[in-house]
Every structure is written in structure tokens, then in C-alpha cells.
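input32.txt, holding compact mmCIF, C-alpha atoms:
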```txt
# COMPACT_ATOMS: atom_id res chain seq x y z
CA MET A 1 0.00 0.00 0.00
CA LYS A 2 1.50 3.31 -1.03
CA ASN A 3 1.85 5.77 1.82
CA ILE A 4 1.08 9.40 0.94
CA ASP A 5 2.52 11.21 3.94
CA THR A 6 3.16 14.66 2.55
CA ILE A 7 0.71 15.49 -0.20
CA PHE A 8 -2.32 14.09 -1.95
CA SER A 9 -2.76 14.89 -5.65
CA PRO A 10 -4.63 13.62 -8.71
CA ASP A 11 -1.34 12.26 -10.08
CA ALA A 12 -0.75 10.26 -6.89
CA LEU A 13 -4.30 8.94 -7.17
CA ALA A 14 -3.70 7.93 -10.80
CA GLU A 15 -0.60 5.97 -9.77
CA THR A 16 -2.64 4.07 -7.18
CA LEU A 17 -5.42 3.29 -9.65
CA VAL A 18 -2.89 2.01 -12.21
CA ARG A 19 -1.31 -0.22 -9.55
CA LEU A 20 -4.74 -1.61 -8.67
CA GLY A 21 -5.44 -2.34 -12.33
CA VAL A 22 -8.56 -0.17 -12.58
CA PHE A 23 -7.26 2.72 -14.65
CA PRO A 24 -7.89 3.98 -17.24
CA ASP A 25 -9.73 1.29 -19.23
CA VAL A 26 -12.68 0.61 -16.93
CA THR A 27 -15.76 2.56 -15.87
CA LEU A 28 -15.36 4.15 -12.44
CA LYS A 29 -18.36 4.89 -10.21
CA VAL A 30 -17.77 6.84 -7.00
CA ALA A 31 -19.87 6.20 -3.90
CA PHE A 32 -20.42 9.90 -3.19
CA SER A 33 -21.73 10.88 0.25
CA GLY A 34 -20.77 14.52 -0.15
CA GLY A 35 -18.42 14.36 2.84
CA LEU A 36 -14.78 15.45 2.81
CA ASP A 37 -13.23 12.17 1.69
CA SER A 38 -15.61 11.30 -1.15
CA HIS A 39 -15.59 14.93 -2.35
CA VAL A 40 -11.79 14.88 -2.59
CA LEU A 41 -11.88 11.55 -4.43
CA LEU A 42 -14.47 12.71 -6.96
CA HIS A 43 -12.75 16.08 -7.48
CA ALA A 44 -9.35 14.48 -8.07
CA LEU A 45 -10.82 11.97 -10.50
CA SER A 46 -12.54 14.76 -12.42
CA ARG A 47 -9.12 16.40 -12.86
CA LEU A 48 -7.81 13.17 -14.43
CA ARG A 49 -10.74 12.73 -16.78
CA GLY A 50 -9.59 14.97 -19.61
CA ALA A 51 -6.07 13.61 -19.97
CA HIS A 52 -7.12 9.96 -19.64
CA ALA A 53 -10.58 9.82 -21.27
CA LEU A 54 -11.90 8.59 -17.95
CA ARG A 55 -15.43 7.13 -17.79
CA LEU A 56 -16.66 8.54 -14.48
CA SER A 57 -19.96 8.89 -12.62
CA ALA A 58 -21.18 9.19 -9.03
CA ILE A 59 -23.82 7.45 -6.91
CA HIS A 60 -25.36 9.13 -3.87
CA VAL A 61 -27.40 6.94 -1.52
CA ASN A 62 -30.00 8.84 0.50
CA HIS A 63 -30.85 6.79 3.59
CA GLY A 64 -33.44 9.31 4.76
CA LEU A 65 -32.15 8.94 8.32
CA HIS A 66 -31.29 12.60 8.94
CA PRO A 67 -33.65 15.62 8.69
CA ARG A 68 -31.26 17.21 6.19
CA ALA A 69 -30.84 14.07 4.06
CA ASP A 70 -32.68 15.60 1.10
CA ASP A 71 -30.57 18.79 1.36
CA TRP A 72 -27.44 16.63 1.25
CA ALA A 73 -28.71 14.85 -1.85
CA ARG A 74 -29.26 18.21 -3.58
CA HIS A 75 -25.76 19.32 -2.52
CA CYS A 76 -24.28 16.22 -4.14
CA MET A 77 -26.19 16.89 -7.35
CA GLN A 78 -24.89 20.46 -7.40
CA VAL A 79 -21.28 19.37 -6.83
CA CYS A 80 -21.51 16.78 -9.60
CA SER A 81 -23.09 19.31 -11.94
CA ALA A 82 -20.23 21.74 -11.31
CA LEU A 83 -17.71 18.97 -12.03
CA ASP A 84 -19.70 17.81 -15.08
CA VAL A 85 -20.07 14.32 -13.57
CA LYS A 86 -23.29 12.38 -13.96
CA CYS A 87 -24.83 11.63 -10.54
CA HIS A 88 -27.41 8.98 -9.66
CA VAL A 89 -29.34 9.63 -6.44
CA GLU A 90 -30.90 6.57 -4.86
CA ARG A 91 -33.30 6.82 -1.94
CA ILE A 92 -33.42 3.67 0.19
CA GLN A 93 -35.17 2.41 3.28
CA VAL A 94 -33.05 0.97 6.08
CA THR A 95 -34.52 -2.24 7.54
CA ASP A 96 -33.42 -4.91 10.04
CA VAL A 97 -32.20 -2.22 12.48
CA ARG A 98 -33.16 -4.28 15.52
CA GLU A 99 -31.19 -7.27 14.25
CA HIS A 100 -28.03 -5.51 13.08
CA GLY A 101 -28.02 -2.06 14.72
CA LEU A 102 -28.52 1.21 12.85
CA GLU A 103 -24.95 1.62 11.56
CA SER A 104 -24.66 -1.93 10.28
CA ALA A 105 -28.19 -1.98 8.83
CA ALA A 106 -27.57 1.29 6.97
CA ARG A 107 -24.27 -0.01 5.62
CA ARG A 108 -25.89 -3.23 4.41
CA ALA A 109 -28.71 -1.33 2.71
CA ARG A 110 -26.23 1.10 1.13
CA TYR A 111 -24.00 -1.60 -0.37
CA ALA A 112 -27.02 -3.58 -1.56
CA CYS A 113 -28.14 -0.47 -3.42
CA LEU A 114 -24.67 0.25 -4.81
CA SER A 115 -24.24 -3.32 -6.03
CA GLY A 116 -27.11 -2.81 -8.47
CA HIS A 117 -25.10 -0.11 -10.25
CA ILE A 118 -21.93 -2.15 -10.87
CA GLY A 119 -21.68 -4.27 -13.99
CA PRO A 120 -18.85 -6.16 -15.68
CA ASN A 121 -15.68 -4.09 -16.24
CA GLU A 122 -17.00 -1.49 -13.79
CA VAL A 123 -15.45 -0.52 -10.47
CA LEU A 124 -17.10 1.06 -7.45
CA LEU A 125 -14.72 3.48 -5.72
CA THR A 126 -15.21 4.26 -2.05
CA ALA A 127 -13.34 6.99 -0.19
CA HIS A 128 -12.12 5.00 2.81
CA GLN A 129 -8.75 6.39 3.81
CA ARG A 130 -5.83 5.40 6.03
CA ASP A 131 -7.34 6.71 9.27
CA ASP A 132 -10.55 4.77 8.56
CA GLN A 133 -8.43 1.66 8.08
CA ALA A 134 -6.63 2.15 11.39
CA GLU A 135 -9.95 2.65 13.19
CA THR A 136 -11.34 -0.52 11.58
CA VAL A 137 -8.31 -2.56 12.67
CA LEU A 138 -8.64 -1.37 16.27
CA LEU A 139 -12.40 -2.00 16.32
CA HIS A 140 -11.88 -5.53 15.05
CA LEU A 141 -9.08 -6.12 17.53
CA LEU A 142 -11.29 -5.01 20.43
CA ARG A 143 -13.97 -7.43 19.22
CA GLY A 144 -11.52 -10.32 19.28
CA ALA A 145 -11.29 -10.71 15.49
CA GLY A 146 -8.90 -13.13 13.81
CA VAL A 147 -6.49 -12.48 10.96
CA HIS A 148 -9.28 -11.73 8.48
CA GLY A 149 -10.68 -9.06 10.78
CA LEU A 150 -7.28 -7.49 11.36
CA ALA A 151 -6.69 -7.36 7.61
CA ALA A 152 -9.60 -4.88 7.67
CA MET A 153 -10.53 -3.36 4.30
CA PRO A 154 -8.80 -4.63 1.14
CA GLU A 155 -7.68 -2.12 -1.47
CA ILE A 156 -9.53 -4.05 -4.16
CA ALA A 157 -12.01 -6.92 -4.13
CA ARG A 158 -14.77 -8.49 -6.21
CA PHE A 159 -18.10 -6.70 -5.86
CA SER A 160 -21.41 -7.44 -7.53
CA ARG A 161 -20.57 -8.14 -11.19
CA GLY A 162 -17.46 -5.96 -11.07
CA ARG A 163 -15.01 -4.81 -8.40
CA LEU A 164 -14.73 -2.45 -5.45
CA ALA A 165 -11.59 -0.36 -4.92
CA ARG A 166 -10.45 1.89 -2.08
CA PRO A 167 -7.71 4.02 -3.66
CA LEU A 168 -7.36 6.41 -0.69
CA LEU A 169 -6.16 3.84 1.87
CA GLY A 170 -2.65 5.23 1.53
CA ALA A 171 -3.72 8.80 2.36
CA GLY A 172 -4.47 10.18 5.81
CA ARG A 173 -7.32 12.49 6.75
CA MET A 174 -5.00 15.50 7.12
CA GLN A 175 -3.64 15.05 3.56
CA LEU A 176 -7.16 14.99 2.17
CA LEU A 177 -8.16 18.01 4.24
CA ALA A 178 -5.15 19.94 2.90
CA TYR A 179 -6.15 19.12 -0.67
CA ALA A 180 -9.77 20.14 -0.04
CA ARG A 181 -8.75 23.50 1.38
CA GLU A 182 -6.31 24.14 -1.43
CA GLN A 183 -9.05 23.46 -4.00
CA ASN A 184 -11.64 25.45 -2.01
CA LEU A 185 -14.00 22.50 -1.78
CA HIS A 186 -17.23 22.64 0.25
CA TRP A 187 -18.38 19.39 1.78
CA ILE A 188 -21.10 18.03 4.04
CA GLU A 189 -20.40 17.75 7.75
CA ASP A 190 -22.61 14.99 9.13
CA PRO A 191 -23.26 15.83 12.81
CA SER A 192 -23.50 12.11 13.62
CA ASN A 193 -19.74 11.92 13.03
CA ARG A 194 -19.33 13.79 16.36
CA ASP A 195 -21.50 11.36 18.33
CA GLU A 196 -19.06 9.65 20.67
CA HIS A 197 -21.64 7.08 21.70
CA LEU A 198 -20.75 5.40 18.39
CA ALA A 199 -17.69 3.19 18.76
CA ARG A 200 -15.84 4.47 15.71
CA ASN A 201 -16.35 8.11 16.69
CA PHE A 202 -15.14 7.40 20.23
CA LEU A 203 -11.92 5.96 18.81
CA ARG A 204 -11.56 8.84 16.36
CA HIS A 205 -12.09 11.69 18.81
CA ARG A 206 -10.89 10.25 22.12
CA VAL A 207 -8.54 7.30 21.63
CA PHE A 208 -6.52 8.10 18.52
CA PRO A 209 -5.53 11.65 19.60
CA LEU A 210 -3.96 10.09 22.70
CA LEU A 211 -2.26 7.39 20.63
CA GLU A 212 -0.87 9.96 18.19
CA GLN A 213 0.34 12.10 21.08
CA ARG A 214 2.25 9.18 22.62
CA TRP A 215 3.16 7.38 19.36
CA PRO A 216 3.24 9.82 16.41
CA GLY A 217 2.22 8.06 13.22
CA ALA A 218 0.01 5.56 15.05
CA HIS A 219 -2.63 5.69 12.31
CA ALA A 220 -0.07 4.82 9.63
CA GLN A 221 1.54 2.04 11.67
CA ILE A 222 -1.77 0.37 12.52
CA ALA A 223 -2.93 0.63 8.91
CA ARG A 224 0.39 -0.89 7.83
CA ALA A 225 -0.23 -3.80 10.20
CA ALA A 226 -3.47 -4.44 8.30
CA GLY A 227 -1.37 -4.99 5.19
CA PHE A 228 0.73 -7.61 6.98
CA ALA A 229 -2.44 -9.32 8.22
CA ALA A 230 -3.78 -9.34 4.64
CA GLU A 231 -0.65 -11.18 3.48
CA ALA A 232 -1.09 -13.75 6.26
CA MET A 233 -4.76 -14.05 5.33
CA GLU A 234 -3.86 -14.98 1.75
CA GLN A 235 -1.65 -17.82 2.99
CA MET A 236 -4.36 -19.03 5.38
CA ASP A 237 -6.89 -19.05 2.55
CA LEU A 238 -4.55 -21.10 0.36
CA LEU A 239 -4.24 -23.66 3.17
CA ALA A 240 -8.01 -23.60 3.72
CA GLU A 241 -8.61 -24.24 0.02
CA THR A 242 -6.43 -27.35 0.23
CA ASP A 243 -8.29 -28.54 3.33
CA TRP A 244 -11.64 -27.73 1.71
CA ASN A 245 -10.86 -30.01 -1.21
CA ALA A 246 -9.88 -32.78 1.24
CA CYS A 247 -12.90 -32.38 3.54
CA ARG A 248 -15.78 -31.45 1.26
CA VAL A 249 -18.61 -33.86 0.59
CA PRO A 250 -18.66 -34.70 -3.16
CA ASP A 251 -21.27 -32.77 -5.17
CA ALA A 252 -22.26 -30.71 -2.10
CA SER A 253 -21.18 -27.70 -0.07
CA ALA A 254 -21.13 -29.77 3.13
CA LEU A 255 -18.04 -30.77 5.12
CA SER A 256 -17.25 -34.31 6.15
CA ILE A 257 -17.08 -34.71 9.94
CA THR A 258 -14.67 -37.63 9.61
CA ALA A 259 -12.29 -35.63 7.44
CA LEU A 260 -12.54 -32.54 9.68
CA ARG A 261 -11.50 -34.61 12.68
CA ARG A 262 -8.18 -35.39 11.02
CA LEU A 263 -7.19 -31.71 11.01
CA PRO A 264 -5.40 -30.04 13.93
CA PRO A 265 -7.76 -27.61 15.74
CA PRO A 266 -6.21 -24.41 14.26
CA ARG A 267 -6.59 -25.75 10.71
CA ALA A 268 -10.13 -26.94 11.43
CA ARG A 269 -11.08 -23.47 12.69
CA ASN A 270 -9.46 -21.87 9.65
CA LEU A 271 -11.35 -24.22 7.31
CA VAL A 272 -14.74 -23.65 8.97
CA ARG A 273 -14.33 -19.85 8.69
CA TYR A 274 -13.27 -20.19 5.05
CA TRP A 275 -16.12 -22.63 4.28
CA LEU A 276 -18.72 -20.25 5.70
CA ARG A 277 -17.20 -17.20 4.02
CA ARG A 278 -17.15 -18.79 0.56
CA GLN A 279 -20.89 -19.46 0.90
CA GLY A 280 -21.57 -15.81 1.75
CA PHE A 281 -22.27 -16.26 5.47
CA GLN A 282 -21.07 -13.84 8.11
CA ALA A 283 -18.19 -15.25 10.14
CA PRO A 284 -19.18 -16.87 13.43
CA SER A 285 -18.09 -15.45 16.75
CA ALA A 286 -15.34 -17.25 18.64
CA LEU A 287 -17.99 -18.84 20.86
CA HIS A 288 -20.06 -20.15 17.93
CA LEU A 289 -16.94 -21.41 16.18
CA GLU A 290 -15.93 -23.41 19.25
CA GLN A 291 -19.48 -24.81 19.50
CA ILE A 292 -19.21 -25.98 15.89
CA LEU A 293 -15.91 -27.72 16.59
CA VAL A 294 -17.36 -29.39 19.68
CA GLN A 295 -20.00 -30.97 17.45
CA VAL A 296 -17.21 -32.16 15.17
CA THR A 297 -15.03 -33.69 17.87
CA HIS A 298 -17.82 -35.14 20.04
CA GLU A 299 -20.57 -37.47 18.89
CA PRO A 300 -23.97 -35.94 19.77
CA ARG A 301 -26.53 -38.34 21.22
CA SER A 302 -28.83 -38.07 18.20
CA ARG A 303 -26.05 -37.46 15.63
CA GLN A 304 -27.82 -34.14 15.01
CA ALA A 305 -26.83 -30.68 16.23
CA LEU A 306 -27.64 -27.05 15.50
CA ILE A 307 -25.54 -23.92 16.09
CA ARG A 308 -27.30 -20.72 15.12
CA TRP A 309 -26.50 -17.01 15.03
CA PRO A 310 -28.57 -14.24 13.41
CA GLN A 311 -27.07 -14.55 9.93
CA ALA A 312 -26.58 -18.33 9.62
CA GLU A 313 -27.03 -21.73 11.14
CA VAL A 314 -24.72 -24.73 11.00
CA ARG A 315 -26.29 -28.16 11.28
CA ARG A 316 -24.73 -31.54 11.77
CA TYR A 317 -26.46 -34.65 10.47
CA ARG A 318 -24.70 -37.99 10.58
CA ASP A 319 -21.25 -37.36 9.04
CA GLU A 320 -21.97 -33.99 7.43
CA LEU A 321 -21.74 -30.36 8.48
CA VAL A 322 -24.11 -28.08 6.54
CA ALA A 323 -24.52 -24.27 6.58
CA LEU A 324 -27.96 -22.78 5.91
CA LYS A 325 -29.81 -19.52 6.08
CA PRO A 326 -31.63 -19.40 9.41
CA GLY A 327 -35.26 -20.28 9.89
CA ALA A 328 -37.45 -21.52 7.07
CA GLY A 329 -40.77 -19.74 6.74
CA ILE A 330 -44.14 -21.08 7.85
CA HIS A 331 -45.85 -23.18 5.21
CA PRO A 332 -49.54 -22.65 4.42
CA VAL A 333 -51.55 -25.05 6.61
CA HIS A 334 -54.19 -25.74 3.96
CA GLY A 335 -51.76 -26.23 1.11
CA LEU A 336 -51.43 -24.65 -2.32
CA LEU A 337 -53.34 -25.45 -5.50
CA TRP A 338 -51.03 -26.24 -8.40
CA ASN A 339 -51.47 -26.63 -12.13
CA PRO A 340 -48.37 -28.62 -13.19
CA VAL A 341 -48.25 -26.76 -16.50
CA GLN A 342 -46.79 -23.82 -14.53
CA PRO A 343 -43.89 -23.90 -12.01
CA LEU A 344 -44.82 -23.20 -8.39
CA ASP A 345 -42.71 -21.21 -5.90
CA LEU A 346 -42.90 -22.82 -2.46
CA PRO A 347 -43.05 -20.05 0.17
CA GLY A 348 -40.51 -20.13 2.98
CA THR A 349 -38.40 -22.87 1.38
CA GLY A 350 -36.33 -21.17 -1.32
CA LEU A 351 -37.53 -23.91 -3.68
CA ARG A 352 -39.55 -24.05 -6.88
CA LEU A 353 -41.59 -27.08 -7.97
CA ARG A 354 -41.63 -27.78 -11.68
CA ALA A 355 -43.27 -30.55 -13.76
CA LEU A 356 -41.62 -31.75 -16.99
CA ALA A 357 -43.59 -33.70 -19.59
CA ARG A 358 -41.92 -37.12 -19.93
CA GLN A 359 -42.96 -40.46 -21.33
CA GLY A 360 -43.20 -43.17 -18.69
CA GLU A 361 -41.87 -41.05 -15.82
CA GLY A 362 -43.35 -39.29 -12.81
CA LEU A 363 -47.05 -38.75 -12.22
CA SER A 364 -49.44 -40.25 -14.76
CA GLN A 365 -51.06 -37.35 -16.60
CA ALA A 366 -54.14 -39.46 -17.30
CA ARG A 367 -54.68 -40.44 -13.66
CA VAL A 368 -53.93 -36.98 -12.33
CA GLY A 369 -56.55 -35.65 -14.70
CA ALA A 370 -57.46 -32.01 -15.17
CA VAL A 371 -58.08 -31.20 -11.50
CA PRO A 372 -55.53 -28.97 -9.76
CA LEU A 373 -53.03 -30.74 -7.56
CA THR A 374 -52.62 -29.75 -3.93
CA VAL A 375 -49.17 -29.15 -2.44
CA ARG A 376 -48.78 -29.56 1.33
CA TRP A 377 -46.08 -30.25 3.89
CA ARG A 378 -45.62 -32.96 6.46
CA GLN A 379 -48.10 -33.13 9.30
CA GLY A 380 -47.14 -36.63 10.47
CA GLY A 381 -48.56 -40.08 9.77
CA GLU A 382 -48.35 -39.95 5.95
CA ILE A 383 -48.00 -43.30 4.11
CA CYS A 384 -47.13 -44.22 0.53
CA ARG A 385 -46.95 -47.47 -1.45
CA LEU A 386 -44.13 -47.28 -3.94
CA PRO A 387 -44.44 -48.84 -7.42
CA GLY A 388 -43.53 -52.54 -7.41
CA ARG A 389 -44.00 -52.93 -3.67
CA ARG A 390 -46.82 -54.74 -1.93
CA HIS A 391 -46.92 -52.80 1.34
CA HIS A 392 -47.36 -49.17 2.35
CA HIS A 393 -44.46 -47.36 4.01
CA LYS A 394 -44.54 -44.58 6.53
CA LEU A 395 -43.13 -41.40 5.05
CA LYS A 396 -40.94 -40.91 8.13
CA LYS A 397 -39.30 -44.29 7.49
CA LEU A 398 -38.69 -43.54 3.81
CA LEU A 399 -37.03 -40.23 4.65
CA GLN A 400 -34.83 -41.81 7.30
CA GLU A 401 -33.73 -44.67 5.04
CA ALA A 402 -32.89 -42.19 2.28
CA GLY A 403 -30.69 -40.21 4.70
CA ILE A 404 -32.55 -36.95 4.11
CA PRO A 405 -31.59 -34.49 6.88
CA PRO A 406 -34.41 -33.28 9.15
CA TRP A 407 -34.26 -29.68 7.90
CA GLU A 408 -34.63 -30.89 4.30
CA ARG A 409 -37.62 -33.05 5.28
CA GLN A 410 -39.38 -29.91 6.50
CA ARG A 411 -39.02 -28.30 3.07
CA LEU A 412 -40.03 -31.36 1.01
CA PRO A 413 -43.45 -30.75 -0.59
CA LEU A 414 -46.10 -33.45 -0.71
CA ILE A 415 -48.33 -33.58 -3.79
CA TYR A 416 -51.93 -34.73 -3.36
CA VAL A 417 -54.58 -35.76 -5.91
CA ASN A 418 -58.15 -35.58 -4.62
CA GLY A 419 -56.86 -35.67 -1.07
CA GLU A 420 -54.64 -38.75 -1.62
CA LEU A 421 -50.83 -38.58 -1.40
CA ALA A 422 -49.49 -39.01 -4.94
CA ALA A 423 -45.84 -37.88 -4.80
CA ILE A 424 -43.18 -36.93 -2.28
CA GLY A 425 -41.23 -34.02 -3.70
CA ASP A 426 -39.16 -35.14 -6.67
CA ARG A 427 -38.07 -38.35 -4.92
CA TRP A 428 -40.99 -40.81 -4.98
CA VAL A 429 -44.32 -41.30 -6.76
CA CYS A 430 -46.98 -43.38 -5.00
CA GLU A 431 -49.23 -46.02 -6.54
CA PRO A 432 -51.65 -45.73 -8.27
CA TYR A 433 -50.36 -42.41 -9.70
CA ALA A 434 -47.03 -43.56 -11.17
CA ALA A 435 -46.84 -43.30 -14.95
CA ARG A 436 -46.45 -46.63 -16.79
CA ALA A 437 -43.91 -47.08 -19.56
CA HIS A 438 -46.41 -46.21 -22.30
CA GLU A 439 -48.05 -43.26 -20.48
CA ALA A 440 -47.44 -39.54 -20.60
CA GLY A 441 -46.19 -38.37 -17.24
CA TRP A 442 -45.21 -35.33 -15.21
CA LYS A 443 -41.64 -35.74 -13.96
CA LEU A 444 -41.34 -33.53 -10.87
CA ARG A 445 -38.26 -31.45 -10.17
CA LEU A 446 -37.32 -29.25 -7.23
CA GLU A 447 -34.93 -26.39 -7.90
CA SER A 448 -33.58 -23.47 -5.95
CA THR A 449 -35.41 -20.24 -6.74
CA ARG A 450 -32.02 -18.50 -6.74
CA ASP A 451 -30.56 -20.95 -9.28
CA ALA A 452 -33.70 -20.76 -11.38
CA ALA A 453 -33.51 -16.97 -11.44
CA GLY A 454 -29.87 -17.06 -12.47
```

Mind turning the file's structure into C-alpha cells?
Amino acid sequence: MKNIDTIFSPDALAETLVRLGVFPDVTLKVAFSGGLDSHVLLHALSRLRGAHALRLSAIHVNHGLHPRADDWARHCMQVCSALDVKCHVERIQVTDVREHGLESAARRARYACLSGHIGPNEVLLTAHQRDDQAETVLLHLLRGAGVHGLAAMPEIARFSRGRLARPLLGAGRMQLLAYAREQNLHWIEDPSNRDEHLARNFLRHRVFPLLEQRWPGAHAQIARAAGFAAEAMEQMDLLAETDWNACRVPDASALSITALRRLPPPRARNLVRYWLRRQGFQAPSALHLEQILVQVTHEPRSRQALIRWPQAEVRRYRDELVALKPGAGIHPVHGLLWNPVQPLDLPGTGLRLRALARQGEGLSQARVGAVPLTVRWRQGGEICRLPGRRHHHKLKKLLQEAGIPPWERQRLPLIYVNGELAAIGDRWVCEPYAARAHEAGWKLRLESTRDAAG
């Protein structure tokens, strides 16, 4: 990371962007709050535009959380107009405040909004600078974070369909302030930045002045430590990738308990963090991570276990460890009517039920008839006689013998014809509704709504 200790300039910014590989042949979109840092970034980029044929625009996200939020949005439009930079203003609603806290919820909503603006060969630029990085490192350290937390914010990373870059991480707040004053810039001062009840502001206004007084250059040194942690993180991820390939369950995102047990505890912890991160889940706390490893090293009485935190849940079933989004929704008690000609989204499951016309497979079209099918979920006591068998089987027994985990059983839809169980998801068809070799049938298929959308 280049350290700009004396002066910030458009030329220095251009050097950083070239080093990051995002200049000048990509489209740059600045996350523009109107504050000091983002104003300096946008202004400096506008100075580079003429000489480098730069494709540049700005995005302002209006959270509507402050009484002057609309005034700030107008200010950003005026600044962009003066710089001849196209500006998109997006108004969003911040939700899940109780679950994540206001700061975190606003950040999540903001990045979700920004991600919709970034396409292939486009880069979102944020104005995080060196002092922000140092504050982030210290916050993560005080929360007991591991190496990934201490690595703090990367200079460049994948984001949406493009990338996200932070080209100011080598510049301190005082360098940016000097540039802003020299260029006579006028920026927004958010009064919430003075609220010392917020952890970051307390560090900024109370802790770091003392650190700088006792250890001049503390911001730069702590930010530099983040770079060392990032290098260590890369090596840990390479090791985790090797362990992932050794421990993963074939054709699944699950981990093998038996294989995990062969790893020393530090490598097992590293792999579990990596495994969750690659699936898009928030990292577990130290306590939750240890609870996961306890379920790996000790055999639970039922060979089932659940560790849950607000953003994820990890389940053990038999020899597999599986990560899921928490809490499936409540299924309709009275079921759903379904015409198999059209796919059916199953609420609360993340699944879609589809029927494919096939000869000699699935539900007999003739015996199903023209009446709508009914889709329900397990209530208990269901039975089914499979084709070629003489006796009925309890659904519970079929699911157990097939090794279907309990949480998957809850999502498996049951298809009824005139009140009689005809099919169990896309796994079994019951007599007398199974299509014969010469009959037209409906072959049922369950698919993820996310995969289907993609």
C-alpha cells in the first residue's frame, strides 16, 4: 500500500489506480456521500478525466435517516453538476435495524443499493482512507477478530458483477483536508460523526488523539499492520482451500465430519471460517466457532446438532456439516393449489416445484386428470406405497432410510390428488399415480429459486 505522507494529488491517485489495475480502461463509479473524503476523491478523478478519457460517474445513496438528508442529496447533485459528472441519487429504506443495529443496517442497505449499479468491467470506488483503516483494525481487535478481521478493508475486491476499490487507503485524513482546502471544496459535515456514543467516533475523537500524542504516526503504523495481516490471510486461505478439497462432501457444499476430525484444531477453525465465508455467510463469533468444533469432535446423542446465530445456522447430520440460512418460513396449513403446466414457488423454502412432460416417468397425466393438484407439507402419519412394492411405508421411514436431513424433510413438498398422497417431492411417486412405460407423465423437479432466477 502506497503511503502518501506529505501530499495528496490527482497524479498520486492515478498511480494508485494504475497499480490496482482499474485505470484507465474501466468505468469508475464513485460512492459519493458529499463528505470530505468522497468529495476529494471525486474532485481528483474529475481532474484526471480529460487527460485519460476517464469514464466517471457518481452514486449518492439517500438513507433518509437525517432531517437534512434531502438537502445533502441536492448538494451532491450540485457538486456533480459543477464537475460535469453524472450523478445517480438513490433513496433507500433501512430495515433490520433491531437485528443488526442502525450503523450496520444502513451499511448493508447502502451496499445492496450500490451493487445494483456495478456491472462487468466497472469498479465502485469508495473513499475510505488510512485513518478509517486504522480505526477498523482497532475495532476488530477489540472485538476479538482473527487475521481476516485485522486485515480490515482490502484495497480491491470483487463486488457485484465488477469490483470495489479503495484508492485512498494510503492517504491520511489531514492530507485529504489539505487538498480540499487548497481546491476550495465545500463538503457536508454529518453531525452524527461527532456522536461519541458510536464506537468508531469514540476511537476517532478520544482514543486516537492520545495514541498519536504518545506514538506519532500511530494511524499509519496500525494501517500498515493491516497490510501484513492481509498477506497472512492470503496464505491461510490457500491452506483452507487445500483442506476444503480434502474435507468437502462430493457434489455438495457440506463438510465431512470424519475428514474434519483429522485436522489439527487451528486448521479446522481456519477451514470452517473459510467454508462459511465462501458461501456468503457472516463469520461466526469465537464462541459459535468453538461450538461448531465441539460438534465435530464429540458425537452428539442423536447425531444431530444445531448452532445458530442471526445470519446463519450450521447443522450436523450424521457425518456432514451443513450451513444454511436461518429459519425456514411457515408453510400454508391448507396447502397450495397447483397446475403442473406452470412452475410453483414454495413459500418459505427457497424452492420451486416444476413438472416436466416425460414419457413413462413421474405422475401419470391421465390419472392426475385435469383437477388442480394440492401441495402440502408434512403433518405426520403420511403413508405411501411405492411402485412394485406390496406394502405401504410410513413417510418418516422412507425419509430416514434415504438419509434426508431433518431440515430438508421440513421443506419437502407433498403432492396430493383428490386428497390422496401421490408424490413426495421429486423423490418418490406413490401407486396408483405412477406413470407406466407407455403413459405420458409429469416428472417432478425441485430447484432453488435463486438458481432458477440465475

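In this model, the gap between atom CA of A:Ser364 and atom CA of A:Pro340 comes to 11.8 Å.
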
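Taking atom CA of A:Val137 and atom CA of A:Asn62 as endpoints, the distance between them is 27.4 Å.
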
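With all atoms listed in the file taken into account, the protein and nucleic acid residues at most 6 Å from A:Gly360 (excluding it and anything under 3 positions from it in its own chain) are Ala435, Arg436, Ala437, His438, Glu439, Ala440 and Gly441 of chain A.
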
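Neighbours of stretch 219-225 of chain A closer than or equal to 6 Å, with all atoms listed in the file counted and sequence neighbours fewer than 3 positions away skipped, come out as Asp131, Gln133, Ala134 and Phe228 of chain A.
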
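Between A:Trp187 and the candidates A:Glu103, A:Asp37, A:Glu241, A:Glu320, the tightest atom-to-atom separation, counting all atoms listed in the file, involves A:Asp37.
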
Contact residues around A:Gln93 with all atoms listed in the file at 9 Å, ignoring same-chain residues under 3 positions, as JSON, numbers by chain: {"A": [62, 63, 64, 65, 106, 109]}

Residues near stretch 15-27 of chain A, cut-off 12 Å, all atoms listed in the file, skip fewer than 4 positions along chain, as a PyMOL selection string: chain A and resi 1-4+8-11+41+44-45+48-58+117-125+154-157+162-171

Residue contacts of A:Val371 (10 Å, only C-alpha atoms) excluding same-chain residues fewer than 6 positions away, as an NGL selection string: :A and (337-339 or 417-418)

Point-to-point distance in Å for atom CA of A:Asn201 and atom CA of A:Met77: 27.4 Å

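Comparing A:Pro413, A:Ala283, A:Val147, A:Arg214 by their smallest distance to A:Glu234, the closest is A:Val147 (using all atoms listed in the file).
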
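When only C-alpha atoms are used to compute distances to A:Ala355, the closest of the residues A:Leu444, A:Val322, A:Leu185, A:Ala226 turns out to be A:Leu444.
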
Radius query 12 Å about (-42.1, -51.0, -5.4), atoms used: all atoms listed in the file, as a PyMOL selection string: chain A and resi 384-393+428-432+434

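Distance annotation: of A:Thr349, A:Arg173, A:Arg367, A:Gln359, the residue with the minimal separation from A:Arg409 is A:Thr349; atom set is only C-alpha atoms.
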
Residue nearest A:Ala151 - candidates A:Gly116, A:Gly227, A:Pro209, A:Pro191, atoms counted: all atoms listed in the file: A:Gly227

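Of the listed residues A:Val61, A:Ala112, A:His100, A:Phe159, the one whose atoms come nearest to A:His88 is A:Val61, with distances taken using all atoms listed in the file.
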
Edge lengths and centre in Å to one decimal, as JSON, of the axis-aligned box that encloses all listed atoms of stretch 432-446 of chain A with 3 Å added on every side?
```
{"center_x": -44.5, "center_y": -38.2, "center_z": -14.8, "size_x": 20.3, "size_y": 23.8, "size_z": 21.1}
```
